[in-house]
Structures are given as structure tokens and as C-alpha cells.
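What follows is upload20.tsv (TSV, C-alpha atoms).
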chain	number	residue	atom	x	y	z
A	2	MET	CA	84.75	104.73	93.93
A	3	LYS	CA	81.48	103.76	92.34
A	4	GLN	CA	83.24	101.35	91.81
A	5	GLN	CA	91.77	105.77	121.56
A	6	ARG	CA	93.45	103.39	122.97
A	7	PRO	CA	94.73	104.49	126.46
A	8	PRO	CA	97.82	106.58	125.63
A	9	THR	CA	101.22	105.24	126.59
A	10	SER	CA	104.29	107.37	127.07
A	11	GLU	CA	105.24	106.52	123.48
A	12	SER	CA	101.91	107.42	121.94
A	13	ALA	CA	100.33	110.08	124.11
A	14	ALA	CA	101.48	112.87	121.81
A	15	THR	CA	99.87	111.39	118.72
A	16	TRP	CA	96.52	109.91	119.73
A	17	LYS	CA	93.77	112.54	119.87
A	18	PRO	CA	90.12	112.40	120.95
A	19	SER	CA	87.34	112.16	118.39
A	20	GLN	CA	85.95	115.33	116.81
A	21	HIS	CA	82.61	116.70	117.98
A	22	SER	CA	79.66	118.03	116.07
A	23	GLY	CA	78.04	121.38	116.75
A	24	SER	CA	75.63	119.66	119.13
A	25	GLY	CA	78.54	118.54	121.28
A	26	LYS	CA	78.15	114.86	120.29
A	27	PRO	CA	81.17	113.04	118.80
A	28	VAL	CA	81.11	112.74	115.01
A	29	GLN	CA	81.50	109.01	114.53
A	30	LEU	CA	83.60	107.45	111.81
A	31	LYS	CA	80.56	105.85	110.21
A	32	ASP	CA	79.29	109.38	109.45
A	33	LYS	CA	82.53	110.59	107.87
A	34	THR	CA	83.10	110.69	104.12
A	35	VAL	CA	86.06	110.84	101.76
A	36	LYS	CA	85.57	114.62	101.61
A	37	ASP	CA	86.76	114.77	105.22
A	38	LEU	CA	90.06	113.22	104.11
A	39	LEU	CA	90.74	116.03	101.64
A	40	THR	CA	91.48	118.70	104.23
A	41	GLY	CA	95.11	119.64	103.85
A	42	THR	CA	95.70	117.64	100.66
A	43	ARG	CA	97.61	119.56	98.06
A	44	ARG	CA	97.02	120.11	94.38
A	45	LEU	CA	97.30	116.99	92.26
A	46	VAL	CA	100.76	116.27	90.82
A	47	GLU	CA	100.54	114.84	87.29
A	48	VAL	CA	102.68	114.30	84.20
A	49	PRO	CA	101.73	114.53	80.50
A	50	TYR	CA	101.59	111.32	78.48
A	51	THR	CA	104.58	112.52	76.40
A	52	ALA	CA	106.89	112.90	79.43
A	53	SER	CA	109.91	110.61	79.43
A	54	LEU	CA	110.44	108.22	82.30
A	55	SER	CA	113.45	110.28	83.32
A	56	HIS	CA	111.28	113.40	83.59
A	57	THR	CA	108.61	111.40	85.43
A	58	VAL	CA	111.13	110.26	88.04
A	59	ASN	CA	112.28	113.87	88.41
A	60	ALA	CA	108.65	114.87	89.08
A	61	LEU	CA	108.34	112.16	91.74
A	62	VAL	CA	111.56	113.36	93.39
A	63	ALA	CA	110.72	117.06	93.25
A	64	ASN	CA	107.22	116.60	94.69
A	65	LYS	CA	108.11	113.81	97.16
A	66	VAL	CA	105.35	111.52	95.89
A	67	VAL	CA	105.44	107.86	94.91
A	68	ALA	CA	102.82	107.89	92.14
A	69	VAL	CA	101.50	110.31	89.52
A	70	PRO	CA	98.50	110.18	87.18
A	71	VAL	CA	99.22	110.51	83.48
A	72	ALA	CA	97.22	113.13	81.55
A	73	ALA	CA	96.49	113.05	77.80
A	74	PRO	CA	94.30	115.01	75.36
A	75	PRO	CA	90.68	113.79	75.42
A	76	GLY	CA	89.38	111.35	72.84
A	77	ARG	CA	92.67	109.68	71.93
A	78	TRP	CA	93.14	107.04	74.61
A	79	ILE	CA	91.31	104.32	76.48
A	80	GLY	CA	91.97	104.78	80.16
A	81	ALA	CA	93.39	102.04	82.37
A	82	GLY	CA	90.73	99.43	83.02
A	83	GLY	CA	88.43	101.14	80.50
A	84	SER	CA	88.06	104.18	82.77
A	85	MET	CA	87.16	107.64	81.52
A	86	ILE	CA	88.49	110.04	84.16
A	87	LEU	CA	88.20	113.51	82.68
A	88	GLU	CA	89.10	117.01	83.81
A	89	SER	CA	86.64	119.61	82.56
A	90	ASP	CA	86.25	123.37	82.60
A	91	LYS	CA	84.42	124.44	85.74
A	92	HIS	CA	82.17	126.90	83.90
A	93	THR	CA	81.57	125.39	80.46
A	94	GLY	CA	82.03	121.69	81.19
A	95	ALA	CA	84.33	121.35	78.17
A	96	VAL	CA	86.75	118.43	78.62
A	97	ARG	CA	90.37	119.57	78.92
A	98	LYS	CA	92.27	116.35	79.64
A	99	HIS	CA	91.87	112.62	80.18
A	100	TYR	CA	93.70	110.76	82.94
A	101	ILE	CA	94.73	107.54	81.24
A	102	GLY	CA	96.47	105.79	84.14
A	103	MET	CA	98.64	105.95	87.23
A	104	VAL	CA	102.40	105.37	87.17
A	105	THR	CA	104.46	104.44	90.23
A	106	MET	CA	108.13	103.74	90.79
A	107	LEU	CA	107.26	100.05	90.64
A	108	ASP	CA	106.06	100.50	87.04
A	109	ILE	CA	109.37	102.17	86.20
A	110	LEU	CA	111.36	99.41	87.93
A	111	ALA	CA	109.40	96.76	86.04
A	112	HIS	CA	110.28	98.54	82.80
A	113	ILE	CA	113.97	98.77	83.70
A	114	ALA	CA	114.09	95.05	84.48
A	115	GLY	CA	111.78	94.07	81.63
A	116	ASP	CA	114.24	92.21	79.44
A	117	ASP	CA	117.83	91.02	79.28
A	118	ARG	CA	119.17	94.03	77.40
A	119	MET	CA	120.11	95.67	80.68
A	120	ASN	CA	123.78	95.20	81.38
A	121	GLY	CA	124.27	94.96	85.13
A	122	ASP	CA	127.95	95.95	84.92
A	123	ASP	CA	127.81	99.36	83.28
A	124	GLY	CA	124.15	100.23	82.99
A	125	THR	CA	124.08	99.93	79.20
A	126	GLY	CA	120.57	100.53	77.96
A	127	LEU	CA	119.38	102.36	81.07
A	128	GLU	CA	119.42	105.78	79.42
A	129	GLN	CA	117.47	104.46	76.43
A	130	LYS	CA	114.93	102.81	78.69
A	131	MET	CA	114.41	106.01	80.68
A	132	ALA	CA	113.88	108.02	77.49
A	133	VAL	CA	110.63	106.27	76.50
A	134	PRO	CA	107.29	108.06	77.01
A	135	VAL	CA	105.58	107.38	80.30
A	136	SER	CA	102.44	106.29	78.44
A	137	ASN	CA	104.36	103.20	77.28
A	138	ILE	CA	104.56	101.67	80.74
A	139	ILE	CA	101.06	102.19	82.13
A	140	GLY	CA	99.88	98.88	83.54
A	141	HIS	CA	103.29	97.30	84.17
A	142	SER	CA	102.25	96.84	87.79
A	143	LEU	CA	98.94	95.33	88.87
A	144	GLU	CA	97.61	98.55	90.37
A	145	GLY	CA	98.29	100.42	87.15
A	146	LEU	CA	95.87	98.18	85.25
A	147	SER	CA	92.95	100.18	86.62
A	148	LEU	CA	92.44	103.79	87.63
A	149	TRP	CA	90.44	104.13	90.83
A	150	THR	CA	88.22	107.05	91.78
A	151	LEU	CA	86.29	107.73	94.96
A	152	ASN	CA	83.22	109.95	95.13
A	153	PRO	CA	83.69	112.63	97.85
A	154	THR	CA	80.42	111.44	99.45
A	155	THR	CA	81.70	107.85	99.79
A	156	SER	CA	81.86	106.84	103.44
A	157	ILE	CA	85.33	106.39	104.90
A	158	LEU	CA	84.39	102.83	105.85
A	159	ASP	CA	83.64	102.08	102.19
A	160	CYS	CA	86.90	103.78	101.21
A	161	MET	CA	88.67	101.51	103.70
A	162	GLU	CA	87.07	98.49	102.03
A	163	VAL	CA	88.72	99.48	98.74
A	164	PHE	CA	92.08	100.10	100.38
A	165	SER	CA	91.84	96.83	102.34
A	166	LYS	CA	91.99	94.96	99.02
A	167	GLY	CA	95.42	96.28	98.11
A	168	ILE	CA	94.48	99.48	96.31
A	169	HIS	CA	96.97	102.06	97.54
A	170	ARG	CA	95.53	105.33	96.22
A	171	ALA	CA	92.58	106.83	94.37
A	172	LEU	CA	91.59	110.07	92.69
A	173	VAL	CA	88.78	112.12	94.22
A	174	PRO	CA	86.90	114.53	91.92
A	175	VAL	CA	86.27	118.10	93.08
A	176	ASP	CA	82.80	119.41	92.13
A	177	SER	CA	82.11	116.09	90.45
A	178	ARG	CA	79.98	115.46	87.37
A	179	MET	CA	79.51	111.72	87.07
A	180	ASP	CA	77.86	109.13	84.88
A	181	ASN	CA	77.77	105.53	86.04
A	182	LEU	CA	77.37	103.63	82.82
A	183	SER	CA	75.93	100.09	83.00
A	184	GLY	CA	77.26	99.72	86.55
A	185	VAL	CA	80.68	98.70	85.27
A	186	GLU	CA	82.26	101.44	83.19
A	187	LEU	CA	82.81	104.63	85.11
A	188	VAL	CA	82.91	108.11	83.63
A	189	GLU	CA	84.10	110.97	85.82
A	190	SER	CA	84.14	114.60	84.77
A	191	ALA	CA	85.30	117.27	87.22
A	192	PRO	CA	87.16	120.59	87.23
A	193	GLY	CA	89.89	119.04	89.35
A	194	TYR	CA	91.00	116.08	91.43
A	195	ARG	CA	92.82	115.28	94.63
A	196	MET	CA	94.69	112.12	95.59
A	197	VAL	CA	93.75	110.05	98.65
A	198	THR	CA	96.06	107.28	99.84
A	199	GLN	CA	96.14	104.50	102.41
A	200	MET	CA	98.47	106.65	104.51
A	201	ASP	CA	95.95	109.52	104.44
A	202	VAL	CA	93.28	107.22	105.88
A	203	LEU	CA	95.48	105.91	108.70
A	204	ARG	CA	96.68	109.38	109.59
A	205	PHE	CA	93.07	110.65	109.69
A	206	LEU	CA	91.95	107.76	111.89
A	207	ARG	CA	94.78	108.36	114.34
A	208	GLU	CA	94.24	112.11	114.57
A	209	HIS	CA	90.43	112.19	114.73
A	210	HIS	CA	89.08	108.81	115.82
A	211	GLY	CA	91.54	107.43	118.37
A	212	SER	CA	88.84	106.83	120.98
A	213	GLU	CA	86.77	104.75	118.54
A	214	MET	CA	89.84	102.65	117.80
A	215	ALA	CA	90.45	101.58	121.40
A	216	ALA	CA	89.36	97.98	120.85
A	217	ALA	CA	91.38	97.48	117.66
A	218	SER	CA	94.42	99.41	118.88
A	219	SER	CA	94.84	97.26	121.98
A	220	LEU	CA	94.96	94.02	120.00
A	221	THR	CA	98.34	92.56	119.15
A	222	ILE	CA	99.14	92.02	115.49
A	223	GLY	CA	98.94	88.29	116.12
A	224	GLU	CA	95.51	88.48	117.75
A	225	SER	CA	94.11	90.77	115.07
A	226	GLY	CA	95.20	88.73	112.05
A	227	ALA	CA	97.26	91.60	110.66
A	228	LEU	CA	100.49	89.59	110.62
A	229	ASN	CA	101.40	88.22	107.19
A	230	PRO	CA	103.87	85.35	107.68
A	231	ASN	CA	104.81	85.14	103.99
A	232	VAL	CA	107.84	87.33	103.49
A	233	PHE	CA	110.12	87.20	100.45
A	234	ALA	CA	113.59	88.71	100.76
A	235	ILE	CA	116.88	89.37	99.02
A	236	THR	CA	120.29	88.82	100.59
A	237	ASN	CA	123.04	91.26	101.50
A	238	ARG	CA	124.89	90.02	98.39
A	239	THR	CA	122.10	90.81	95.93
A	240	THR	CA	122.93	93.65	93.53
A	241	VAL	CA	120.64	96.57	92.76
A	242	ILE	CA	119.76	95.32	89.26
A	243	GLU	CA	119.15	91.81	90.63
A	244	ALA	CA	116.89	93.27	93.32
A	245	ILE	CA	114.91	95.20	90.70
A	246	LYS	CA	114.44	92.04	88.63
A	247	CYS	CA	113.39	90.11	91.75
A	248	MET	CA	110.72	92.68	92.56
A	249	ARG	CA	109.34	92.77	89.02
A	250	ALA	CA	107.58	89.41	88.73
A	251	PRO	CA	105.74	89.40	92.10
A	252	LEU	CA	105.27	93.20	91.88
A	253	LEU	CA	106.78	93.93	95.27
A	254	ASN	CA	107.24	97.57	96.26
A	255	ALA	CA	109.85	96.67	98.87
A	256	VAL	CA	111.81	93.65	100.06
A	257	PRO	CA	113.70	93.01	103.30
A	258	ILE	CA	117.43	92.38	103.03
A	259	VAL	CA	118.63	89.39	105.06
A	260	GLU	CA	122.05	88.03	105.90
A	261	SER	CA	123.38	85.51	103.44
A	262	GLY	CA	123.58	82.12	105.09
A	263	LEU	CA	124.56	79.68	102.38
A	264	LEU	CA	127.58	79.80	100.08
A	265	GLU	CA	125.63	78.13	97.27
A	266	GLU	CA	122.62	80.43	97.63
A	267	ASP	CA	121.41	82.13	94.43
A	268	HIS	CA	121.56	85.80	95.35
A	269	SER	CA	119.83	86.85	92.13
A	270	GLN	CA	116.56	85.27	93.26
A	271	LEU	CA	114.07	85.95	96.04
A	272	VAL	CA	114.54	83.81	99.14
A	273	ASP	CA	112.23	82.85	101.97
A	274	GLY	CA	112.97	85.50	104.58
A	275	SER	CA	111.39	83.65	107.49
A	276	GLY	CA	113.88	83.01	110.26
A	277	ARG	CA	116.61	85.06	108.58
A	278	LYS	CA	118.48	88.00	110.16
A	279	LEU	CA	117.10	91.35	108.97
A	280	VAL	CA	119.84	93.80	107.94
A	281	GLY	CA	118.08	96.29	105.66
A	282	THR	CA	115.25	97.19	103.28
A	283	PHE	CA	115.32	97.80	99.53
A	284	SER	CA	112.36	99.83	98.33
A	285	ALA	CA	111.14	101.18	95.01
A	286	THR	CA	111.08	104.60	96.63
A	287	ASP	CA	114.85	104.35	97.19
A	288	LEU	CA	115.31	104.78	93.45
A	289	ARG	CA	112.96	107.74	93.41
A	290	ARG	CA	115.60	109.58	95.42
A	291	CYS	CA	118.34	108.71	92.93
A	292	HIS	CA	118.61	110.67	89.69
A	293	LEU	CA	119.46	108.78	86.49
A	294	SER	CA	123.08	109.93	86.41
A	295	ALA	CA	123.60	108.65	89.95
A	296	LEU	CA	121.75	105.34	89.46
A	297	ARG	CA	123.82	103.92	86.59
A	298	PRO	CA	127.00	103.12	88.57
A	299	TRP	CA	124.92	101.62	91.39
A	300	LEU	CA	123.26	98.88	89.31
A	301	SER	CA	126.04	96.37	89.96
A	302	ALA	CA	126.55	97.39	93.61
A	303	SER	CA	124.85	95.61	96.49
A	304	ALA	CA	121.28	96.64	97.25
A	305	LEU	CA	122.19	96.87	100.96
A	306	GLU	CA	125.01	99.34	100.29
A	307	PHE	CA	122.73	101.35	98.00
A	308	SER	CA	119.92	101.59	100.58
A	309	GLN	CA	122.40	102.69	103.24
A	310	THR	CA	123.82	105.34	100.92
A	311	VAL	CA	120.35	106.61	100.08
A	312	SER	CA	119.74	107.30	103.78
A	313	GLU	CA	122.92	109.40	103.84
A	314	TRP	CA	121.74	111.37	100.78
A	315	MET	CA	118.50	112.12	102.58
A	316	GLY	CA	120.33	113.77	105.47
A	317	PRO	CA	119.22	113.99	109.11
A	318	SER	CA	115.50	113.47	108.63
A	319	VAL	CA	112.82	111.11	109.91
A	320	GLY	CA	112.94	109.23	106.60
A	321	ALA	CA	116.68	108.75	106.89
A	322	ALA	CA	116.32	107.41	110.42
A	323	ALA	CA	113.72	104.98	109.16
A	324	GLN	CA	116.21	103.71	106.59
A	325	ARG	CA	119.15	103.36	108.99
A	326	ASP	CA	117.11	101.88	111.85
A	327	GLN	CA	114.75	99.32	110.36
A	328	VAL	CA	111.11	99.91	111.21
A	329	THR	CA	110.20	96.71	113.02
A	330	CYS	CA	107.83	95.31	115.60
A	331	ARG	CA	107.30	92.08	117.55
A	332	GLY	CA	104.48	89.59	117.42
A	333	GLY	CA	103.15	91.03	120.69
A	334	THR	CA	103.16	94.64	119.46
A	335	THR	CA	99.72	96.25	119.40
A	336	LEU	CA	98.01	97.53	116.28
A	337	GLY	CA	98.09	101.04	117.69
A	338	GLU	CA	101.86	100.92	118.10
A	339	VAL	CA	102.36	99.52	114.60
A	340	MET	CA	100.12	102.23	113.19
A	341	ASP	CA	102.19	104.86	115.01
A	342	LYS	CA	105.39	103.45	113.53
A	343	ALA	CA	104.02	103.37	109.98
A	344	VAL	CA	102.58	106.88	110.09
A	345	ASP	CA	105.43	108.56	111.99
A	346	LYS	CA	108.15	106.94	109.86
A	347	HIS	CA	106.03	107.18	106.70
A	348	VAL	CA	106.66	103.56	105.66
A	349	HIS	CA	104.19	101.28	103.93
A	350	ARG	CA	105.06	98.10	105.79
A	351	VAL	CA	106.54	97.17	109.18
A	352	TRP	CA	108.71	94.07	109.43
A	353	VAL	CA	107.88	91.66	112.25
A	354	VAL	CA	110.94	90.17	113.95
A	355	SER	CA	111.69	87.81	116.82
A	356	PRO	CA	112.42	89.35	120.25
A	357	GLN	CA	115.91	87.97	120.69
A	358	GLN	CA	117.81	87.95	117.40
A	359	ASP	CA	115.76	90.17	115.05
A	360	LEU	CA	114.92	87.20	112.85
A	361	LEU	CA	112.13	87.86	110.35
A	362	ILE	CA	108.71	86.44	111.24
A	363	GLY	CA	106.57	88.33	108.72
A	364	LEU	CA	105.25	91.79	107.95
A	365	VAL	CA	102.30	94.13	108.51
A	366	SER	CA	101.37	96.32	105.54
A	367	LEU	CA	99.09	99.35	105.38
A	368	THR	CA	96.60	97.10	103.59
A	369	ASP	CA	96.67	94.69	106.56
A	370	LEU	CA	96.19	97.54	109.06
A	371	ILE	CA	93.23	99.04	107.21
A	372	ARG	CA	91.62	95.60	106.79
A	373	VAL	CA	91.67	94.67	110.48
A	374	ILE	CA	90.80	98.17	111.73
A	375	ARG	CA	87.79	98.31	109.42
A	376	ALA	CA	86.67	94.86	110.56
A	377	SER	CA	86.89	96.02	114.19
A	378	PHE	CA	84.80	99.12	113.47
A	379	LEU	CA	82.14	97.09	111.67
A	380	SER	CA	81.91	94.52	114.46
A	381	ALA	CA	81.41	97.35	116.96
A	382	LEU	CA	78.46	98.63	114.91
A	383	LEU	CA	76.60	95.30	115.05

Could you rewrite the structure in this file as C-alpha cells?
Amino acid sequence: MKQQRPPTSESAATWKPSQHSGSGKPVQLKDKTVKDLLTGTRRLVEVPYTASLSHTVNALVANKVVAVPVAAPPGRWIGAGGSMILESDKHTGAVRKHYIGMVTMLDILAHIAGDDRMNGDDGTGLEQKMAVPVSNIIGHSLEGLSLWTLNPTTSILDCMEVFSKGIHRALVPVDSRMDNLSGVELVESAPGYRMVTQMDVLRFLREHHGSEMAAASSLTIGESGALNPNVFAITNRTTVIEAIKCMRAPLLNAVPIVESGLLEEDHSQLVDGSGRKLVGTFSATDLRRCHLSALRPWLSASALEFSQTVSEWMGPSVGAAAQRDQVTCRGGTTLGEVMDKAVDKHVHRVWVVSPQQDLLIGLVSLTDLIRVIRASFLSALL
């Protein structure tokens, strides 16, 4: 962007000592850059601006990703947030394509729930909605309003600052050619790009800088300030289409599902989840695993039943286990343990519940984790 804790029996297999330099001294996090995060990242998955939403969802499913950049011919579009993120020929510098934005499943859900033409009983209009070009829905979610890039030489601590503000992912140019125009508009030109996400950062910290995280990892989520007590939920009687509409306005990527407690409760609206019994999770990524032909009959079914069925479709995998057994923690759980849960289960938030009855207290997101871990690192440097 121009713009180890002591191992427990549960975590000993995952927390590793810090890397060392050639001189034998540990390479500290403050000396690491975004380039260090790129090791092991795969080639960028993208879709053309003419791709339909149905084809875009298929690309997400096939590549097991939750977001894709949209590529268009150069000179025809203004990129999200006024950005000019270009891919150029490595030898001649000639511009080949322009990345005009990022599309996530949340953008697609917002489009599906965008008006009242959607019939919740039979899915009328869904096929037409999924046939529109992906370029039509760029910016439907807040993150899609701008396209973020990170210079490979950016420090990881600065990268964490970006991700601590709710940015979930950014493009990183390979062999970058850059112009920073007027300090506001950013032009990037590179032969290729990689994607770096919040999960990449947390996984890197755990694998390479566990010893530097001892202070932060031993703090409970309550002590660290990572616990967010504001948690909106849907009930076990909310339908899939109602859940999608609920998530659209506040731009929520996932919502907890709680037991319905009141006969007169409006199940088509978000409810305050605090103090309610947690029974499931409905996530935008659930729909990524469901092809269009399979989604239509589910729109009028309960979101809880749908999420449980999705876990069965996924088969005996870690992800399926995460769906069946809710990924939760307690107020006294340490940051290190929460980080382990998020990374191992590959979830983007961990629900916080009471010790006795699994009543919702709040949540800890990847954004929260990165924010408090970064703050701990910075305080240690003072």
C-alpha cells in the first residue's frame, strides 16, 4: 500500500521459534516485509469483466477462494476508488490489462438481495440476477469500493496496520513499476500480482514469530481488547433469502444463528445475539460452495438447515468440522488459542460464548486479532 507463547499440549505442534539470519541472530518482525509473506502463495485467480456472476461463483468454488480481482482491457474503465492497477509486459512494459476492482461473495449476495424482485418461494429472478456481468456489481460491499495494493517492500507491521482497519486482502505487485501521483491516486504497473490476506499474515506470525508474540499470546481476549461485544444474529427460523437480505445492509460476511426465543419475533430481521443460545453460523462462503442449480430450492429453507447441509456436502474435512462444531472461545481464552482456532479451522471470526450454556457474548475477528497483536508488538519496541 502506498496507500511464542509457552506451548501447551494443544498448541505445541503449531507454534514455532522465530527464524534466524545468516549471522545466527533472530530476524525480528520489524525487519520483515510483505515480500516475506509471498512465499508459497499461488498464482493470482482473476475473472474478466465480462464474466457472469454465475461463472464468477464457479471460479470461486473451483479455486477455493473467497474473492477475485476483475480484469478489463486498459483505458476503458476507472478502477475502484480511482485506482489504476495495471498488468504490463515484463519486457516491453506495454499494459495488458487493468484490474478494476475486487469482487467477493458478499458483493454477489448484496446483488441477489438488492431489490424485491426476488421471490423467496421459488427463486424467480435468481437466474437472471446471476447472468449479469461481474463488472456491474463492483462496489456493492464497502471493501469493493477501493482496490488496495501493498508494495513488496512494505513492512509487515505497516501491512498489519492496513489489515487492522478492516481491509481483508490486497494485491502485491511482482517486479513493480510504480508512480505515486499527488500522494492520493495510486498507479501500479507490474508483470504480475499476488494476493495477500489477513489469514496469510496470521499464519506467517504463528509459524515464524511465535517467540515474539509471547506477551500478546498470553493475554486473554478480554484483557487485550480483542473482544467485540456487538454481535448481530439471525434465528433458527430465518430463511436463506431472509439471511442474505439481513447481511446486505450492514455488509456482514457471516452471522451467528441463535435459538428463537419469542413467538412474535421478526425472523426476517437481524436480532441482538447477546445472551442467546448459539446453534450455527451462516456465512457468505456457504453459498460459494453451492452451485446456482442447487441454491434455488434452498432460498426458502432455513439458513440453519442450509449451513448444516453445506457441511455434509463438504465431506469429512477440517472445514466441515468447523461448520458442524461451532468455532467458539470463552472470555478467558488467550489470544494465542483464538489465533490457533482461526488459522487451523480457516474461519474469519470466532464466536465468544459463556462457559455454562454457550450463550453468545461477542466475537473476535481477524481484524481484531491483527489490531491487538500489532499494538503489542509496537509497545514492545518502545

Between A:Ala72, A:Leu107, A:Ala295, A:Val35, which is the closest to Lys246 in chain A once you count all atoms listed in the file? A:Leu107

Which residues, written as a PyMOL selection string, have at least one atom at most 12 Å from Val353 in chain A, with only C-alpha atoms counted and residues fewer than 4 positions away on the same chain left out? chain A and resi 221-223+227-232+257+274-279+327-335+339+358-366

Students should find that CA of Ile235 in chain A and CA of Met103 in chain A are spaced 27.3 Å

I'd like the neighbourhood of Leu253 in chain A as an MDAnalysis selection string, where a residue qualifies if any of its atoms comes within 9 Å (using only C-alpha atoms), though same-chain residues fewer than 5 positions away should be ignored. chainID A and resid 107 247:248 284:285

In Å to one decimal, how far is CA of Glu260 in chain A from CA of Val280 in chain A?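 Result for CA of Val280 in chain A versus CA of Glu260 in chain A: 6.5 Å, one decimal.
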
What does the distance from CA of Val202 in chain A to CA of Val46 in chain A come to in Å, to one decimal? 19.1 Å

Closest to Met161 in chain A among A:Arg297, A:Lys98, A:Lys31, A:Arg350, using only C-alpha atoms? A:Lys31

Pick out the residues sitting within 8 Å of Ala304 in chain A, and hand them over as number ranges by chain; count all atoms listed in the file, and ignore anything fewer than 3 positions along from it in its own chain. A: 237-241, 244, 283, 307-308

Of A:Asp176, A:Glu306, A:Glu88, A:Glu47, the one sitting nearest Val69 in chain A when using all atoms listed in the file is A:Glu47

For a cutoff of 10 Å around the file-coordinate point (88.9, 115.6, 105.6), which residues qualify once you count all atoms listed in the file? I'd like the result as a PDB file with C-alpha atoms, in the frame of the given file.
ATOM      1  CA  LYS A  33      82.530 110.590 107.870  1.00  0.00           C
ATOM      2  CA  THR A  34      83.100 110.690 104.120  1.00  0.00           C
ATOM      3  CA  VAL A  35      86.060 110.840 101.760  1.00  0.00           C
ATOM      4  CA  LYS A  36      85.570 114.620 101.610  1.00  0.00           C
ATOM      5  CA  ASP A  37      86.760 114.770 105.220  1.00  0.00           C
ATOM      6  CA  LEU A  38      90.060 113.220 104.110  1.00  0.00           C
ATOM      7  CA  LEU A  39      90.740 116.030 101.640  1.00  0.00           C
ATOM      8  CA  THR A  40      91.480 118.700 104.230  1.00  0.00           C
ATOM      9  CA  GLY A  41      95.110 119.640 103.850  1.00  0.00           C
ATOM     10  CA  THR A  42      95.700 117.640 100.660  1.00  0.00           C
ATOM     11  CA  PRO A 153      83.690 112.630  97.850  1.00  0.00           C
ATOM     12  CA  ILE A 157      85.330 106.390 104.900  1.00  0.00           C
ATOM     13  CA  ASP A 201      95.950 109.520 104.440  1.00  0.00           C
ATOM     14  CA  VAL A 202      93.280 107.220 105.880  1.00  0.00           C
ATOM     15  CA  PHE A 205      93.070 110.650 109.690  1.00  0.00           C
ATOM     16  CA  HIS A 209      90.430 112.190 114.730  1.00  0.00           C
TER      17      HIS A 209
END

Name the residues in contact with Leu151 in chain A at a cut-off of 12 Å, using only C-alpha atoms, excluding same-chain residues fewer than 3 positions from it; report them as a PDB file with C-alpha atoms, in the frame of the given file.
ATOM      1  CA  MET A   2      84.750 104.730  93.930  1.00  0.00           C
ATOM      2  CA  LYS A   3      81.480 103.760  92.340  1.00  0.00           C
ATOM      3  CA  GLN A   4      83.240 101.350  91.810  1.00  0.00           C
ATOM      4  CA  THR A  34      83.100 110.690 104.120  1.00  0.00           C
ATOM      5  CA  VAL A  35      86.060 110.840 101.760  1.00  0.00           C
ATOM      6  CA  LYS A  36      85.570 114.620 101.610  1.00  0.00           C
ATOM      7  CA  LEU A  38      90.060 113.220 104.110  1.00  0.00           C
ATOM      8  CA  LEU A  39      90.740 116.030 101.640  1.00  0.00           C
ATOM      9  CA  ILE A  86      88.490 110.040  84.160  1.00  0.00           C
ATOM     10  CA  LEU A 148      92.440 103.790  87.630  1.00  0.00           C
ATOM     11  CA  THR A 154      80.420 111.440  99.450  1.00  0.00           C
ATOM     12  CA  THR A 155      81.700 107.850  99.790  1.00  0.00           C
ATOM     13  CA  SER A 156      81.860 106.840 103.440  1.00  0.00           C
ATOM     14  CA  ILE A 157      85.330 106.390 104.900  1.00  0.00           C
ATOM     15  CA  ASP A 159      83.640 102.080 102.190  1.00  0.00           C
ATOM     16  CA  CYS A 160      86.900 103.780 101.210  1.00  0.00           C
ATOM     17  CA  MET A 161      88.670 101.510 103.700  1.00  0.00           C
ATOM     18  CA  GLU A 162      87.070  98.490 102.030  1.00  0.00           C
ATOM     19  CA  VAL A 163      88.720  99.480  98.740  1.00  0.00           C
ATOM     20  CA  PHE A 164      92.080 100.100 100.380  1.00  0.00           C
ATOM     21  CA  ILE A 168      94.480  99.480  96.310  1.00  0.00           C
ATOM     22  CA  ARG A 170      95.530 105.330  96.220  1.00  0.00           C
ATOM     23  CA  ALA A 171      92.580 106.830  94.370  1.00  0.00           C
ATOM     24  CA  LEU A 172      91.590 110.070  92.690  1.00  0.00           C
ATOM     25  CA  VAL A 173      88.780 112.120  94.220  1.00  0.00           C
ATOM     26  CA  PRO A 174      86.900 114.530  91.920  1.00  0.00           C
ATOM     27  CA  VAL A 175      86.270 118.100  93.080  1.00  0.00           C
ATOM     28  CA  SER A 177      82.110 116.090  90.450  1.00  0.00           C
ATOM     29  CA  MET A 179      79.510 111.720  87.070  1.00  0.00           C
ATOM     30  CA  LEU A 187      82.810 104.630  85.110  1.00  0.00           C
ATOM     31  CA  VAL A 188      82.910 108.110  83.630  1.00  0.00           C
ATOM     32  CA  GLU A 189      84.100 110.970  85.820  1.00  0.00           C
ATOM     33  CA  TYR A 194      91.000 116.080  91.430  1.00  0.00           C
ATOM     34  CA  ARG A 195      92.820 115.280  94.630  1.00  0.00           C
ATOM     35  CA  MET A 196      94.690 112.120  95.590  1.00  0.00           C
ATOM     36  CA  VAL A 197      93.750 110.050  98.650  1.00  0.00           C
ATOM     37  CA  THR A 198      96.060 107.280  99.840  1.00  0.00           C
TER      38      THR A 198
END

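When all atoms listed in the file are used to measure the gap to Lys166 in chain A, the shortest distance among A:Lys130, A:Ala343, A:Asn64, A:Gln199 belongs to A:Gln199.
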
List as a list of chain:residue names the protein and nucleic acid residues near Leu382 in chain A, meaning an atom at most 12 Å away when all atoms listed in the file are counted, but skip any in the same chain fewer than 6 places from it. A:Gln29, A:Leu30, A:Lys31, A:Leu158, A:Glu213, A:Arg375, A:Ala376

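Residue nearest Thr368 in chain A within the list A:Gly126, A:Gly167, A:Gly80, A:Pro251: A:Gly167 [criterion: smallest interatomic distance, only C-alpha atoms].
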
Selected residue, from A:Val354, A:Leu336, A:Val104, A:Leu143, that lies nearest to Leu220 in chain A when counting only C-alpha atoms: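 Under the stated criterion, the closest residue is A:Leu336.
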
Rebuild range 244-250 of chain A so that it carries N, CA, C and O atoms, then output the result as a compact mmCIF listing (two decimals), in the frame of the given file.
# COMPACT_ATOMS: atom_id res chain seq x y z
N ALA A 244 118.03 92.98 92.45
CA ALA A 244 116.89 93.27 93.32
C ALA A 244 115.71 93.79 92.52
O ALA A 244 114.56 93.39 92.75
N ILE A 245 115.98 94.67 91.55
CA ILE A 245 114.91 95.20 90.70
C ILE A 245 114.23 94.07 89.93
O ILE A 245 113.00 94.00 89.85
N LYS A 246 115.01 93.17 89.37
CA LYS A 246 114.44 92.04 88.63
C LYS A 246 113.64 91.12 89.55
O LYS A 246 112.60 90.59 89.16
N CYS A 247 114.11 90.94 90.79
CA CYS A 247 113.39 90.11 91.75
C CYS A 247 112.03 90.69 92.08
O CYS A 247 111.04 89.97 92.26
N MET A 248 111.95 92.01 92.17
CA MET A 248 110.72 92.68 92.56
C MET A 248 109.72 92.74 91.41
O MET A 248 108.52 92.92 91.63
N ARG A 249 110.20 92.57 90.19
CA ARG A 249 109.34 92.77 89.02
C ARG A 249 108.24 91.74 88.92
O ARG A 249 107.05 92.09 88.78
N ALA A 250 108.58 90.46 88.95
CA ALA A 250 107.58 89.41 88.73
C ALA A 250 106.48 89.40 89.78
O ALA A 250 105.29 89.41 89.43
